[in-house]
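J.: Before I ask anything, let me first share the structure, which is written out below as structure tokens.
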Amino acid sequence: MRVYLNQEENPQTPLITIITPSIGRPNLWRLIQSIDDQPVPFCHIILFDDYRAEKALPPEQYCDAPPHGKRYQITIPGNFVKKPTAGAALRAVGIMAADTPWVAFQDDDCWIERDHYTALLSAVEGKNWGFSRRKIWHPNGTFIGKDDFESIGMGNKLGYDLVDGNTYLIRRELAVAMAPRYRETLSYNDDRLALEFLSKLGGEPGQSNHHTVNQTCPDKLIGMFQAYCTND
């Protein structure tokens, strides 16, 4: 395992560990910039295995020093990313490396609004976990709309329960207990496993109804989001 940590001293104690599995796609820079714009002190862990996107930079080059946070990357030898559970397995590693009160997940197909974590911290006050809402973007860069139908928690409008992992904020102790679900799943269902676990053991969630996560949808889901997203 290879770990790179930025060496610049930062006087602020991180409050949130943000965990990002990645293959080094160009969109990673957009996510990094949106995280660096957060006013909340953070630690950002970027996780790689040995698979890389075309023209990706060496992992250590993503390890700059944020203005009021820390960033480092962990590379796990092997090729998890070609399995459907690759991101989940790497998230489990990130959870175990976290030492902050809160844990969050941000994939590299996302970027966040500047008030994302301040809104979430307000929503989870006195609770163990919570989530926000998201805005959906077409792969060509055009805005599709707000997701107020699918990744909204229990009882969504499509008949199943779902929270997108990129919208969570979870107390670290609860996330550590949840980590085996991410590590051991053999199917592309880690989002459902996480919600099932948190709903049973985490108590009532705090909900930020602000749409502070921006996410690019996969090609295969464009039609669904175009049909159901709202633009008000």
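By convention here, the chains of the structure tokens are called A, B, ... in the order presented, each chain's residues are numbered starting at 1, and ligands are numbered starting at 1 in the order presented.
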Counting only C-alpha atoms, what is within 7 Å of A:Arg91, bar same-chain residues fewer than 4 positions away, as a list in words?
T.: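 Listed by chain and then number, they are Ile19, Pro21, Gly87, Ile95 and Tyr182 of chain A.
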J.: I'd like the contact shell of stretch 47-60 of chain A - 8 Å cut-off, only C-alpha atoms, skipping same-chain residues fewer than 6 positions apart - returned as a VMD selection string.
T.: chain A and resid 4 19 to 26 72 to 81 90 to 91 94
J.: With 6 Å as the cut-off and only C-alpha atoms counted, what is the closest atom pair between each nearby residue of stretch 75-194 of chain A and stretch 201-220 of chain A? Distances in Å to one decimal, ordered by chain and number, as a Markdown table.
T.:
```
| residue | atom | partner | partner_atom | distance |
| --- | --- | --- | --- | --- |
| A:Asp109 | CA | A:Thr216 | CA | 5.7 |
| A:Cys110 | CA | A:Gln215 | CA | 4.4 |
| A:Trp111 | CA | A:Asn214 | CA | 5.3 |
| A:Ile112 | CA | A:Val213 | CA | 4.7 |
| A:Glu113 | CA | A:Thr212 | CA | 5.0 |
| A:His116 | CA | A:Thr212 | CA | 5.1 |
| A:Leu120 | CA | A:Ser208 | CA | 5.9 |
| A:Ala123 | CA | A:Gly206 | CA | 4.8 |
| A:Val124 | CA | A:Gly206 | CA | 4.5 |
| A:Asn128 | CA | A:Gly202 | CA | 5.8 |
| A:Trp129 | CA | A:Pro205 | CA | 5.3 |
| A:Gly130 | CA | A:Gly206 | CA | 4.3 |
| A:Phe131 | CA | A:Gln207 | CA | 5.3 |
| A:Ser132 | CA | A:Ser208 | CA | 4.5 |
| A:Arg133 | CA | A:His211 | CA | 4.4 |
| A:Arg134 | CA | A:Val213 | CA | 4.5 |
| A:Lys135 | CA | A:Asn214 | CA | 4.8 |
| A:Ile136 | CA | A:Gln215 | CA | 5.1 |
| A:Trp137 | CA | A:Thr216 | CA | 4.6 |
| A:His138 | CA | A:Thr216 | CA | 5.8 |
| A:Pro139 | CA | A:Thr216 | CA | 5.8 |
```
J.: Between A:Asn189, A:Thr142, A:Thr167, A:Thr100, which residue has the minimum interatomic distance to A:Ile222, considering only C-alpha atoms?
T.: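 Using only C-alpha atoms, A:Ile222 sits closest to A:Thr142.
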J.: One decimal, Å: what's the distance from atom CA of A:Ile170 over to atom CA of A:Val103, could you say?
T.: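 We find that atom CA of A:Ile170 and atom CA of A:Val103 lie 5.2 Å from each other.
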J.: What does the structure give for the distance between atom CA of A:Leu28 and atom CA of A:Ile46, in Å to one decimal?
T.: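 Separation between atom CA of A:Leu28 and atom CA of A:Ile46: 9.6 Å.
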